[in-house]
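The structure appears below as structure tokens.
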Amino acid sequence: MTIPTKFGFTRRLFLSALGAGAATAAGWKSISFAHAKKSDAQSVEDPWDRAHDILKRVKPPRFRQQKFDITDFGAVGDGVTDCTTAIADAIEMCHQRGGGRVYVPAGQFLTGAIHLKSNVNLHVTKDATLLFSTDPDQYLPVVLTRWEGNDCYNYSPLIYAYRQTNVAVTGRGLLDGQADLEHWWPWKQQTKWGWQEGDPGQNNDTAQLRAQGGAIAPFTQVPVEERVYGDGHYLRPAFVEF
């Protein structure tokens with residue numbers, strides 16, 4: 001959806017402002033929208049009219065000035081050693097001590113799913129790379145997530161936070177999902193992504209989930225707790241999901 005350009009306001013601009021925090025809202029000029037008439041005397045409120053109110057409530061995250069270096073918890077930046085547990089331990093310690101910055105120094109750190117907790121800023125410094133494992137088992141057990149807009153239980157996103165507050169991923173380093181023609185991409189079930197006839201893929205799972213979400217017909221909808229995928233299925237995990 002794009003708001004008409006004559007108003008000088010687009011969804012992209014709105015989302016960018018959200019990321020920048022409420023402070024940017026004060027500098028915006030007022031905007032107005034044409035309303036569809038509900039009756040001769042009434043107009044239907046356009047939700048976008050509430051944009052300023054939403055922006056005023058947005059506050060940037062704030063973190064304590066304490067650092068938890070993942071190498072102090074056993075992480076090794078050789079691109080081979082599995083650092084999943086070390087990173088999780090650093091996040092847990094940071095969270096337990098009131099929050100701060102979980103620091104990823106220079107190096108290549110191999111990891112599975114990273115689950116953030118409240119008041120944790122995962123800071124990937126310049127010349128640091130988080131190499132995410134291509135082993136699907138590293139993203140189990142399943143978590144509540146989404147696939148193409150449908151809630152379900154599936155492989156954990158690579159970086160995930162659920163029911164947590166005041167979290168962030170910052171820094172000038174690299175997050176590398178390592179997808180290629182042999183890993184993750186073939187699940188798209190298209191030959192240009194490395195899939196070949198007879199290989200497993202996402203099509204059946206996608207169709208089933210859409211039906212379970214009610215996209216096909218209301219009577220096909222099932223509770224989200226019954227929409228369980230993950231192991232034995234081929235819906236790729238999201239990258240970052242808070």
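Identifiers in the structure tokens: chain A, B, ... in order shown; residue index from 1 per chain; ligand index from 1 in order shown.
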### Task
Using only C-alpha atoms, determine which residues lie at most 7 Å from Ile159 in chain A, disregarding the query and same-chain residues fewer than 4 positions distant; provide the list as a ChimeraX atom specification.
/A:113-115,239-241
Suppose we keep C-alpha atoms; can you now write the selection as a compact mmCIF listing (two decimals), in the first residue's frame?
```txt
# COMPACT_ATOMS: atom_id res chain seq x y z
CA ALA A 113 19.39 -19.62 16.47
CA ILE A 114 19.97 -16.61 18.73
CA HIS A 115 17.15 -15.81 21.15
CA PHE A 239 15.96 -14.08 9.56
CA VAL A 240 15.04 -11.61 12.32
CA GLU A 241 11.75 -11.62 14.17
```
### Contact residues around range 60-63 of chain A with only C-alpha atoms at 7 Å, ignoring same-chain residues under 3 positions, as a VMD selection string
chain A and resid 21 99 to 100 119 166 to 167
### Query
Could you pull out all residues of range 88-187 of chain A with a DSSP call of helix (DSSP H, G or I) and give them as a ChimeraX atom specification?
/A:88-96,136-139,185-187
### Task
Write down as a ChimeraX atom specification the residues of range 51-235 of chain A whose backbone DSSP state falls under strand (DSSP E or B).
/A:67-69,78-82,100-104,107-111,114-115,120-124,128-132,143-147,150-154,159-160,168-170,174-176,180,183-184,228
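The interatomic distance for the pair CA of Trp193 in chain A and CA of Gln178 in chain A works out to 13.7 Å.
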### Query
Near Gln96 in chain A, within 10 Å and counting only C-alpha atoms, which residues show up once chain neighbours fewer than 6 positions away are dropped, as a list of chain:residue names?
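Contacts, with the query itself left out: A:Ala90, A:Lys117, A:Ser118, A:Asn119, A:Val120.
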Mind dumping the selected residues with N, CA and C atoms as a CSV table (one decimal), in the first residue's frame?
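Once everything was written out, this is selection_14.csv:
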```csv
chain,number,residue,atom,x,y,z
A,90,ALA,N,26.0,-15.6,27.2
A,90,ALA,CA,26.3,-14.2,27.3
A,90,ALA,C,25.0,-13.4,27.3
A,117,LYS,N,16.8,-11.7,24.9
A,117,LYS,CA,16.0,-11.5,26.1
A,117,LYS,C,16.0,-10.0,26.4
A,118,SER,N,15.0,-9.6,27.3
A,118,SER,CA,14.8,-8.2,27.6
A,118,SER,C,16.0,-7.5,28.0
A,119,ASN,N,16.1,-6.2,27.5
A,119,ASN,CA,17.2,-5.3,27.8
A,119,ASN,C,18.6,-5.7,27.2
A,120,VAL,N,18.6,-6.5,26.2
A,120,VAL,CA,19.8,-7.0,25.6
A,120,VAL,C,20.0,-6.3,24.2
```
